[in-house]
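The structure under discussion appears below in the form of structure tokens.
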Amino acid sequence: MSREIVLAALALLREKGPTGVTMEAVAQRSGVAKTTIYRRYKNRYELLRSSLAFVEDIPEPPRGIPTRERLKNLLEQFRRGVEDVVGLRALAAVLHGDEDPEFTQAFRETILRPRLDVMLGALRTGEAEGELRAGVDHETVVSMLAGSYIARSVTQGTPPSDWADRVLDVVWPSIRA
């Protein structure tokens, strides 16, 4: 039953953004009584946080593949996580963080930070293995990679299917060994 509640909350998040995730809407969407939802989650923020945590796991790219391929894989996962799991409306709400600060904090801690940390790890590993230039500011590179998706989404709508390759084509020459 928890799964139905969380899936309903995520569907509402994708379709309507965080303000569309209310206990009543989740009850209606999931077919689970509102009283049952309140027994599991004391408020909508607890429900949102739990729903975001439901998608927290980030499959690691296979070990032994070149750093550029690892980064491409991680960027594609980042994209799928935003578009298919939480939706662009959730991302828009985070960019407008003052509208729903508790959601923004939960999204940053549960969705964004773990994914960005995995990208940081891939960059550090690439540097340690000699594929990337020593001394590159990994945090800035990750911000540029993830930020390119956000900027493209905001200014032009959904990025093209080859977005990950295109952004790596631009960034890769400046970071490779």
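Ordered as shown in the structure tokens, chains take letters A, B, and onward, while each chain numbers its residues from 1 and ligands are numbered from 1 in the order shown.
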
Quiz item: Where does DSSP see alpha helix (DSSP H) in chain A, if you list the residues as a PyMOL selection string?
Solution: chain A and resi 2-16+23-30+34-40+44-54+67-80+88-95+101-107+113-128+138-156+163-175

Practice problem: Excluding stretch 46-51 of chain A and residues on its chain fewer than 5 positions from it, collect all residues at most 9 Å away from it, counting only C-alpha atoms, and give them as a ChimeraX atom specification. | Solution: /A:5-7,9-10,13,18,21,23,37,40-41,103,106-107,110

With C-alpha atoms kept, could you save the residues just selected as a PDB file, in the first residue's frame?
ATOM      1  CA  ILE A   5       0.836   6.054  -2.151  1.00  0.00           C
ATOM      2  CA  VAL A   6       4.386   6.927  -3.212  1.00  0.00           C
ATOM      3  CA  LEU A   7       3.740   6.209  -6.886  1.00  0.00           C
ATOM      4  CA  ALA A   9       2.627  11.198  -5.117  1.00  0.00           C
ATOM      5  CA  LEU A  10       5.374  10.944  -7.755  1.00  0.00           C
ATOM      6  CA  LEU A  13       4.675  15.667  -8.685  1.00  0.00           C
ATOM      7  CA  PRO A  18       4.987  19.883  -5.547  1.00  0.00           C
ATOM      8  CA  VAL A  21       0.883  16.789  -4.085  1.00  0.00           C
ATOM      9  CA  MET A  23      -2.979  14.345   0.902  1.00  0.00           C
ATOM     10  CA  ILE A  37      -2.071   8.025   4.313  1.00  0.00           C
ATOM     11  CA  ARG A  40       1.950   6.603   7.428  1.00  0.00           C
ATOM     12  CA  TYR A  41       2.889  10.262   6.842  1.00  0.00           C
ATOM     13  CA  PHE A 103      10.258  20.671  -0.906  1.00  0.00           C
ATOM     14  CA  ALA A 106      14.169  17.717   0.239  1.00  0.00           C
ATOM     15  CA  PHE A 107      14.735  17.725  -3.544  1.00  0.00           C
ATOM     16  CA  THR A 110      17.445  13.497  -1.850  1.00  0.00           C
TER      17      THR A 110
END

Exercise. Write out as a list of chain:residue names each polymer residue whose atoms come within 9 Å of stretch 143-159 of chain A, counting only C-alpha atoms; drop sequence neighbours fewer than 6 positions from it.
Key: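 Contacts, in chain order: A:Leu75, A:Phe78, A:Arg79, A:Glu83, A:Leu88, A:Leu91, A:Ala92, A:Leu116, A:Val167, A:Leu168, A:Val171.
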
Practice problem: Compare A:Gly87, A:Asp98, A:Ala134, A:Leu71 by their minimum atom-to-atom distance to A:Gly121, counting only C-alpha atoms, and give me the closest one. | Solution: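 Nearest to A:Gly121: A:Leu71.
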
Self-check item: Near-A:Ala93 list (8 Å; only C-alpha atoms; drop same-chain fewer than 5 positions) as a PyMOL selection string
Solution: chain A and resi 17-18+99-100+104

Quiz item: Taking only C-alpha atoms into account, which of A:Gln77, A:Gln105, A:Ser30, A:Thr19 comes nearest A:Leu52?
Solution: A:Gln105

Quiz prompt | Minimum-distance residue to A:Ala11, chosen among A:Ala177, A:Val26, A:Val32, A:Leu132 (using only C-alpha atoms) | solution =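 Under the stated criterion, the closest residue is A:Val26.
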
Exercise. Could you please determine the separation between atom CA of A:Gly64 and atom CA of A:Val82 in Å, to one decimal place?
Key: 26.5 Å

Practice problem: Would you work out the distance separating atom CA of A:Ala53 from atom CA of A:Lys72, expressed in Å to one decimal? | Solution: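 Interatomic distance, atom CA of A:Ala53 to atom CA of A:Lys72: 23.6 Å.
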
Quiz item: So which residues touch A:Arg176 within 7 Å, counting only C-alpha atoms, skipping near sequence neighbours fewer than 3 positions away, as a ChimeraX atom specification?
Solution: /A:131-133,172-173

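In this structure, atom CA of A:Val118 sits 10.1 Å away from atom CA of A:Arg70.
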